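Undergrad: Here you go, data_31.cif (mmCIF, C-alpha atoms):
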```
data_start
#
loop_
_atom_site.label_atom_id
_atom_site.label_comp_id
_atom_site.auth_asym_id
_atom_site.auth_seq_id
_atom_site.Cartn_x
_atom_site.Cartn_y
_atom_site.Cartn_z
CA MET A 10 0.00 0.00 0.00
CA ASN A 11 1.12 3.52 -0.72
CA ARG A 12 2.99 4.98 2.29
CA SER A 13 1.06 8.27 2.23
CA ILE A 14 -2.26 6.44 2.33
CA VAL A 15 -1.13 4.28 5.27
CA SER A 16 0.01 7.44 7.07
CA SER A 17 -3.36 9.15 6.59
CA ILE A 18 -5.18 6.07 7.85
CA PHE A 19 -3.26 5.90 11.11
CA GLN A 20 -3.68 9.63 11.67
CA CYS A 21 -7.47 9.21 11.62
CA PRO A 22 -8.30 5.49 11.87
CA LEU A 23 -12.09 5.63 12.08
CA ARG A 24 -12.87 8.13 9.36
CA TYR A 25 -13.94 7.30 5.84
CA HIS A 26 -11.74 8.53 3.02
CA CYS A 27 -12.25 8.98 -0.70
CA TYR A 28 -9.20 8.57 -2.90
CA ASN A 29 -8.78 8.70 -6.65
CA THR A 30 -7.57 5.11 -6.41
CA THR A 31 -8.59 2.18 -4.25
CA SER A 32 -7.59 2.62 -0.61
CA ALA A 33 -8.12 0.71 2.60
CA ILE A 34 -9.00 1.47 6.19
CA VAL A 35 -9.46 -0.40 9.47
CA TYR A 36 -13.14 -0.47 10.52
CA ASN A 37 -14.14 -2.51 13.59
CA GLY A 38 -10.90 -4.43 13.24
CA VAL A 39 -11.52 -5.37 9.61
CA TRP A 40 -9.73 -3.98 6.58
CA ARG A 41 -12.23 -2.39 4.19
CA ARG A 42 -11.70 -0.83 0.80
CA PHE A 43 -13.19 2.50 -0.21
CA TYR A 44 -13.66 3.73 -3.74
CA SER A 45 -14.22 7.08 -5.36
CA SER A 46 -15.82 6.78 -8.76
CA GLN A 47 -13.60 7.95 -11.56
CA THR A 48 -16.70 9.07 -13.48
CA ALA A 49 -18.50 10.79 -10.58
CA PRO A 50 -19.10 14.52 -11.07
CA GLU A 51 -17.08 17.19 -9.33
CA LEU A 52 -19.03 18.16 -6.23
CA THR A 53 -19.01 21.43 -4.27
CA THR A 54 -22.04 21.01 -1.97
CA LEU A 55 -22.05 17.23 -1.58
CA LYS A 56 -19.64 14.44 -0.75
CA TYR A 57 -19.91 10.92 -2.17
CA GLU A 58 -18.23 7.74 -0.96
CA LYS A 59 -18.55 4.05 -1.76
CA ARG A 60 -17.89 1.48 0.91
CA GLU A 61 -17.19 -2.16 0.16
CA THR A 62 -19.37 -4.71 1.98
CA LYS A 63 -18.62 -8.30 2.97
CA ASN A 64 -20.39 -9.38 -0.22
CA PRO A 65 -17.91 -9.20 -3.11
CA GLY A 66 -18.94 -6.65 -5.69
CA LYS A 67 -21.56 -4.98 -3.49
CA HIS A 68 -21.07 -1.52 -2.01
CA ILE A 69 -22.84 1.00 0.18
CA GLY A 70 -23.07 4.50 -1.26
CA ILE A 71 -22.79 7.39 1.20
CA VAL A 72 -23.97 10.85 0.12
CA SER A 73 -23.38 13.74 2.53
CA PHE A 74 -24.64 17.30 2.35
CA ASN A 75 -21.41 19.27 2.60
CA ARG A 76 -21.96 22.94 3.45
CA GLN A 77 -21.04 22.82 7.10
CA LYS A 78 -20.80 26.59 7.62
CA GLN A 79 -24.42 26.87 6.44
CA LEU A 80 -25.51 23.83 8.51
CA ASN A 81 -25.66 21.90 5.23
CA ALA A 82 -28.46 24.10 3.89
CA ILE A 83 -29.54 23.35 0.32
CA ASP A 84 -29.74 25.73 -2.65
CA SER A 85 -29.96 25.58 -6.44
CA THR A 86 -26.41 24.24 -6.72
CA SER A 87 -27.16 21.50 -4.21
CA ALA A 88 -30.25 20.60 -6.22
CA LYS A 89 -28.35 20.25 -9.49
CA GLU A 90 -25.53 18.24 -7.94
CA PHE A 91 -27.91 15.96 -6.03
CA SER A 92 -30.03 15.19 -9.06
CA ASP A 93 -27.04 14.56 -11.31
CA LEU A 94 -25.14 12.44 -8.78
CA ILE A 95 -28.03 10.13 -7.99
CA THR A 96 -29.76 9.96 -11.38
CA ASN A 97 -26.74 9.80 -13.67
CA HIS A 98 -24.21 8.02 -11.49
CA ILE A 99 -25.45 6.14 -8.42
CA ALA A 100 -28.65 4.87 -10.04
CA LYS A 101 -26.57 3.52 -12.94
CA ASP A 102 -23.97 1.86 -10.71
CA SER A 103 -25.12 -1.73 -10.24
CA SER A 104 -22.50 -2.31 -7.54
CA VAL A 105 -24.28 0.01 -5.07
CA ALA A 106 -26.75 -2.07 -3.04
CA ALA A 107 -28.04 0.64 -0.68
CA LEU A 108 -27.55 4.36 -0.11
CA VAL A 109 -26.95 6.26 3.13
CA LEU A 110 -27.77 9.97 3.16
CA THR A 111 -26.35 12.19 5.90
CA GLY A 112 -24.76 15.57 6.65
CA GLU A 113 -21.08 16.37 7.00
CA GLY A 114 -19.93 17.46 10.46
CA ASP A 115 -21.70 16.90 13.76
CA LYS A 116 -24.23 19.73 13.73
CA ALA A 117 -26.69 19.14 10.92
CA PHE A 118 -28.19 16.72 8.45
CA SER A 119 -29.56 19.74 6.56
CA ALA A 120 -31.02 22.99 7.90
CA GLY A 121 -33.26 23.30 4.85
CA GLY A 122 -33.46 26.05 2.26
CA ASP A 123 -30.55 28.48 2.12
CA TYR A 124 -31.55 32.07 3.07
CA ASP A 125 -30.04 33.52 -0.11
CA PHE A 126 -32.08 31.05 -2.16
CA LEU A 127 -35.26 32.08 -0.33
CA LEU A 128 -34.56 35.80 -0.81
CA GLU A 129 -33.91 35.20 -4.51
CA ARG A 130 -37.36 33.63 -4.73
CA CYS A 131 -38.89 36.60 -2.89
CA ARG A 132 -37.50 38.91 -5.59
CA ASP A 133 -38.79 36.76 -8.46
CA LYS A 134 -42.22 36.72 -10.11
CA PRO A 135 -44.92 34.30 -8.83
CA TYR A 136 -45.39 32.55 -12.19
CA ASN A 137 -41.66 31.89 -12.39
CA ASN A 138 -41.42 30.78 -8.76
CA THR A 139 -44.01 28.05 -9.31
CA GLN A 140 -41.78 26.45 -11.94
CA GLN A 141 -38.60 27.14 -9.97
CA MET A 142 -39.96 25.39 -6.89
CA LEU A 143 -41.31 22.42 -8.86
CA SER A 144 -37.87 21.97 -10.38
CA PHE A 145 -36.23 22.34 -6.97
CA TYR A 146 -38.47 19.69 -5.39
CA ALA A 147 -37.99 17.33 -8.31
CA SER A 148 -34.20 17.56 -8.05
CA PHE A 149 -34.34 15.85 -4.65
CA LEU A 150 -37.56 13.83 -4.51
CA HIS A 151 -37.65 12.24 -7.95
CA PRO A 152 -34.10 10.85 -7.78
CA LEU A 153 -34.78 9.32 -4.35
CA LEU A 154 -38.28 7.99 -4.99
CA SER A 155 -38.35 7.28 -8.73
CA HIS A 156 -34.85 6.96 -10.16
CA LEU A 157 -33.19 4.85 -7.46
CA LYS A 158 -34.20 1.20 -7.16
CA ILE A 159 -32.09 0.64 -4.05
CA PRO A 160 -33.15 1.33 -0.44
CA THR A 161 -32.15 4.65 1.14
CA ILE A 162 -31.33 5.24 4.81
CA ALA A 163 -31.16 8.75 6.26
CA ALA A 164 -28.65 9.23 9.08
CA ILE A 165 -30.02 12.36 10.79
CA ASN A 166 -27.02 13.53 12.77
CA GLY A 167 -28.26 16.97 13.86
CA PHE A 168 -30.61 19.64 12.55
CA ALA A 169 -33.09 18.43 9.92
CA ILE A 170 -35.26 21.45 9.27
CA GLY A 171 -37.81 22.32 6.57
CA ALA A 172 -36.74 20.98 3.19
CA GLY A 173 -33.88 19.14 4.90
CA LEU A 174 -36.30 17.05 6.93
CA CYS A 175 -38.39 16.47 3.81
CA VAL A 176 -35.43 14.93 2.01
CA ALA A 177 -34.90 12.64 5.00
CA MET A 178 -38.60 11.70 4.97
CA ALA A 179 -38.25 10.74 1.31
CA CYS A 180 -35.77 8.05 2.37
CA ASP A 181 -37.03 4.55 3.16
CA ILE A 182 -35.56 4.37 6.68
CA ARG A 183 -34.37 7.03 9.12
CA VAL A 184 -32.16 6.83 12.21
CA THR A 185 -31.16 9.71 14.46
CA CYS A 186 -29.87 10.69 17.90
CA PRO A 187 -31.90 11.95 20.89
CA GLU A 188 -30.54 15.51 20.62
CA ALA A 189 -31.23 15.98 16.90
CA LYS A 190 -33.70 18.76 16.07
CA MET A 191 -36.39 18.30 13.41
CA GLY A 192 -39.21 20.47 12.18
CA VAL A 193 -41.25 21.53 9.18
CA THR A 194 -40.77 25.17 10.10
CA PHE A 195 -42.02 26.79 6.88
CA SER A 196 -44.85 28.64 8.65
CA GLN A 197 -42.31 30.44 10.84
CA LEU A 198 -40.92 32.02 7.65
CA GLY A 199 -44.34 33.08 6.41
CA LEU A 200 -44.10 30.33 3.78
CA HIS A 201 -46.45 27.53 2.78
CA PRO A 202 -44.79 24.13 3.43
CA GLY A 203 -43.00 22.66 0.42
CA MET A 204 -40.63 19.88 -0.73
CA GLY A 205 -43.49 17.40 -0.46
CA SER A 206 -43.92 17.95 3.28
CA THR A 207 -47.73 18.05 3.06
CA HIS A 208 -47.59 14.66 1.32
CA LEU A 209 -44.72 12.92 3.11
CA LEU A 210 -45.59 13.81 6.71
CA PRO A 211 -49.22 12.60 6.61
CA HIS A 212 -47.91 9.43 4.96
CA LEU A 213 -45.65 8.78 7.97
CA LEU A 214 -48.05 10.04 10.65
CA ASN A 215 -51.78 10.52 11.01
CA HIS A 216 -53.52 13.63 9.68
CA GLN A 217 -53.86 15.30 13.08
CA ILE A 218 -50.20 15.04 14.10
CA ALA A 219 -49.03 16.07 10.63
CA SER A 220 -51.39 19.05 10.73
CA TYR A 221 -50.07 20.11 14.14
CA LEU A 222 -46.43 19.99 13.05
CA LEU A 223 -47.07 21.74 9.71
CA LEU A 224 -49.28 24.49 11.17
CA THR A 225 -47.26 25.28 14.30
CA GLY A 226 -43.78 24.78 12.84
CA ASP A 227 -42.74 23.21 16.13
CA VAL A 228 -39.24 21.74 16.35
CA ILE A 229 -38.98 18.37 18.08
CA ASP A 230 -36.00 16.33 19.22
CA GLY A 231 -34.96 12.87 18.12
CA THR A 232 -36.64 11.18 21.06
CA LYS A 233 -40.01 12.72 20.15
CA ALA A 234 -39.45 11.88 16.47
CA LYS A 235 -38.96 8.23 17.46
CA GLU A 236 -42.11 8.34 19.59
CA LEU A 237 -44.14 9.75 16.68
CA GLY A 238 -42.71 7.28 14.15
CA ILE A 239 -40.76 9.74 12.00
CA VAL A 240 -37.57 7.75 12.64
CA LEU A 241 -36.93 4.05 13.19
CA GLU A 242 -34.63 4.45 16.18
CA THR A 243 -32.37 6.76 18.14
CA VAL A 244 -28.73 5.93 18.89
CA PRO A 245 -25.85 7.91 20.42
CA LYS A 246 -24.95 10.90 18.23
CA GLU A 247 -21.48 9.65 17.35
CA THR A 248 -22.89 6.34 16.05
CA VAL A 249 -25.75 7.62 13.84
CA LYS A 250 -23.87 7.27 10.56
CA ASN A 251 -22.41 3.89 11.48
CA ARG A 252 -25.84 2.60 12.48
CA ALA A 253 -27.27 3.64 9.11
CA ILE A 254 -24.38 1.85 7.38
CA GLU A 255 -25.04 -1.28 9.47
CA ILE A 256 -28.67 -1.31 8.29
CA ALA A 257 -27.55 -0.80 4.70
CA GLU A 258 -25.09 -3.68 5.00
CA LYS A 259 -27.77 -5.93 6.48
CA ILE A 260 -29.90 -5.22 3.41
CA ALA A 261 -26.98 -5.65 1.01
CA VAL A 262 -26.42 -9.32 1.93
CA HIS A 263 -29.69 -10.29 0.24
CA PRO A 264 -30.14 -10.96 -3.50
CA SER A 265 -30.65 -7.71 -5.40
CA LEU A 266 -33.87 -8.47 -7.28
CA PRO A 267 -36.22 -8.91 -4.30
CA ILE A 268 -34.70 -5.86 -2.59
CA HIS A 269 -35.25 -3.74 -5.72
CA THR A 270 -38.80 -4.95 -6.25
CA VAL A 271 -39.84 -4.63 -2.59
CA THR A 272 -38.41 -1.11 -2.50
CA LYS A 273 -40.38 -0.17 -5.62
CA THR A 274 -43.57 -1.72 -4.26
CA LEU A 275 -43.29 0.11 -0.95
CA ARG A 276 -42.91 3.42 -2.76
CA VAL A 277 -46.03 3.00 -4.92
CA GLN A 278 -48.38 4.55 -2.38
CA LEU A 279 -45.92 7.32 -1.56
CA LEU A 280 -45.62 8.27 -5.24
CA GLN A 281 -49.38 8.26 -5.77
CA ASP A 282 -50.60 11.85 -6.17
CA LEU A 283 -47.16 13.20 -5.22
CA ASP A 284 -46.79 15.37 -8.34
CA ARG A 285 -50.25 16.86 -7.86
CA GLN A 286 -49.40 17.72 -4.26
CA LEU A 287 -46.07 19.25 -5.32
CA MET A 288 -47.87 21.46 -7.82
CA ARG A 289 -50.21 22.65 -5.07
CA GLU A 290 -47.25 23.39 -2.78
CA ALA A 291 -45.31 25.21 -5.49
CA ASP A 292 -48.27 27.43 -6.36
CA ALA A 293 -48.95 28.26 -2.71
CA GLN A 294 -45.28 29.00 -2.04
CA ALA A 295 -45.13 31.29 -5.07
CA GLN A 296 -47.94 33.34 -3.52
CA CYS A 297 -46.11 33.54 -0.19
CA TYR A 298 -42.82 34.59 -1.82
CA ALA A 299 -44.63 37.62 -3.22
CA THR A 300 -45.54 38.97 0.24
CA ASP A 301 -43.55 41.67 1.97
CA GLU A 302 -44.09 39.84 5.26
CA MET A 303 -42.04 36.84 4.19
CA TYR A 304 -39.28 39.00 2.74
CA GLN A 305 -38.97 40.86 6.03
CA ILE A 306 -38.91 37.67 8.11
CA VAL A 307 -36.23 35.98 6.00
CA THR A 308 -34.15 39.16 5.82
CA GLY A 309 -34.29 39.48 9.59
CA MET A 310 -33.28 35.86 10.12
CA LYS A 311 -30.36 36.18 7.73
CA GLU A 312 -29.13 39.35 9.46
CA LYS A 313 -29.42 37.67 12.85
CA LEU A 314 -27.41 34.70 11.59
CA THR A 315 -24.75 36.97 10.08
CA LYS A 316 -24.21 38.73 13.42
CA LYS A 317 -23.45 35.45 15.22
#
```
As structure tokens, what does this structure read like?
TA:
Amino acid sequence: MNRSIVSSIFQCPLRYHCYNTTSAIVYNGVWRRFYSSQTAPELTTLKYEKRETKNPGKHIGIVSFNRQKQLNAIDSTSAKEFSDLITNHIAKDSSVAALVLTGEGDKAFSAGGDYDFLLERCRDKPYNNTQQMLSFYASFLHPLLSHLKIPTIAAINGFAIGAGLCVAMACDIRVTCPEAKMGVTFSQLGLHPGMGSTHLLPHLLNHQIASYLLLTGDVIDGTKAKELGIVLETVPKETVKNRAIEIAEKIAVHPSLPIHTVTKTLRVQLLQDLDRQLMREADAQAQCYATDEMYQIVTGMKEKLTKK
């Protein structure tokens, strides 16, 4: 093995690394290889890794939102990179048996829509915003729910707010930690909920609980999310990503065909009427973006964040 790679491994023995060539790392006492796809796109807001499993030829894909200074908030660049990475690369890579989605760092999965992105929408015209938001939703939801045939596991390692939580809810399984914070906080911004939240949340919960969370914008912790059924389980914060990988590896040992077909079958109900609901959300959000009230709220929040 290359001396420089060995050196980097021993400097940080439990971290995952992406190299331009095959590399190895000790994980739970076992040597594992990690790969970075030679054909994967250059990423600025995301990070992508492939981890080899015990099954030869099968890997776990790991996609991380990677804007740590912005608490992994998503914007138009994130949308383009996410859609391209999953649709044109991961979905076409038959060696990837399951996908883990998480956030870089220890503070956030994703804090939702970037303030600059929201202010840009406030300055745009309503008819254009409807199409802009539909495209934005589609960049995340369609790749996860329609283009991928493999199971997805969200490792919610911190804040999962607004659109960030929606992306996690579009995954098949979710794990988190007790101290994670989650909320569909659109109403706090003066904005109609979007990113499929009015479709995904009632699918996971009953109408009353979904209505309460969407209308109040309350933020709950991981323990409450487990109680409500938003997540499968809570584990210590430092083990959230590893737990998601363990679940992915447990799935990866099975033959691919039944896993692909079960995953598709389970998503049928979730996909039913999704596009109609997204159109309703996009139209309602376009109306909210046109209000001075929302512009003032978002501007104030951005200024407050800048002063910190």
Undergrad: So how many Å separate CA of Ser104 in chain A and CA of Arg60 in chain A, to one decimal?
TA: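 Going from CA of Ser104 in chain A over to CA of Arg60 in chain A covers 10.3 Å.
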Undergrad: Around all of range 288-297 of chain A's listed atoms, make the axis-aligned box with 3 Å on each side and tell me centre and edge lengths in Å to one decimal, as JSON.
TA:
```
{"center_x": -47.7, "center_y": 27.5, "center_z": -4.0, "size_x": 11.1, "size_y": 18.1, "size_z": 13.6}
```
Undergrad: Using only C-alpha atoms for the distances, tell me which of A:Arg132, A:Leu223, A:Leu154, A:Asn166 is nearest to Arg276 in chain A.
TA: A:Leu154
Undergrad: What is the distance between CA of Pro264 in chain A and CA of Pro65 in chain A, in Å to one decimal?
TA: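 Taking CA of Pro264 in chain A as the start and CA of Pro65 in chain A as the end point, the length is 12.4 Å.
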Undergrad: Hey, what comes out of the PyMOL selection byres ((chain A and resi 145) around 9) on this file? Could you write it as a ChimeraX atom specification?
TA: /A:84-85,88-89,140-144,146-150,204
Undergrad: What's the 7 Å shell around Ala120 in chain A, counting all atoms listed in the file, without same-chain residues fewer than 3 positions away, as a list in words?
TA: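 Once the adjacent positions are removed, what remains is Leu80, Asn81, Ala82, Ala117, Phe168, Ala169, Ile170, Gly171 and Gly173 of chain A.
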Undergrad: Please indicate the distance in Å from CA of His68 in chain A to CA of Val240 in chain A, rounded to one decimal place.
TA: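 That distance, rounded to one decimal, is 23.9 Å.
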Undergrad: Would you translate the PyMOL selection byres ((chain A and resi 234) around 10) into the concrete set of residues it matches in this file, as number ranges by chain?
TA: A: 184-187, 189-192, 228-233, 235-243
Undergrad: Using the chain letters and numbers from this file, what does the PyMOL selection byres ((chain A and resi 212) around 12) select? Give the answer as a ChimeraX atom specification.
TA: /A:175,178-179,205-211,213-220,238-239,275-283
Undergrad: List the spatial neighbours of Asn97 in chain A as a list in words - criterion: any atom at most 10 Å away, all atoms listed in the file, same-chain residues fewer than 6 positions off excluded.
TA: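 The filter keeps Ala49, Pro50, Phe91, Pro152 and His156 of chain A.
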Undergrad: List the spatial neighbours of Ala257 in chain A as JSON, numbers by chain - criterion: any atom at most 10 Å away, all atoms listed in the file, same-chain residues fewer than 2 positions off excluded.
TA: {"A": [62, 68, 69, 70, 106, 107, 108, 109, 159, 160, 161, 162, 182, 251, 252, 253, 254, 255, 259, 260, 261, 262]}
Undergrad: Nearest residue to Ser103 in chain A out of A:Leu266, A:Ala164, A:Val193, A:Ile256, using all atoms listed in the file?
TA: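 Among the listed residues, the smallest separation from Ser103 in chain A belongs to A:Leu266.
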Undergrad: Which of these residues is nearest to Gly122 in chain A, using only C-alpha atoms: A:Leu198, A:Leu314, A:Leu52, A:Ala163?
TA: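 Of A:Leu198, A:Leu314, A:Leu52, A:Ala163, the one nearest Gly122 in chain A is A:Leu198, counting only C-alpha atoms.
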Undergrad: Which is closer to Ser196 in chain A than all the others in A:Glu302, A:His98, A:Val105, A:Lys246, using only C-alpha atoms?
TA: A:Glu302
Undergrad: Counting only C-alpha atoms, figure out which residue out of A:Val249, A:Ile83, A:Tyr124, A:Asp115 gets nearest to Lys313 in chain A.
TA: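 So, comparing all the options, the nearest one is A:Tyr124.
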Undergrad: Which one of A:Glu247, A:Asp125, A:Asp181, A:Tyr221 sits closest to Met310 in chain A if you count all atoms listed in the file?
TA: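 That would be A:Asp125, the residue with the smallest distance to Met310 in chain A.
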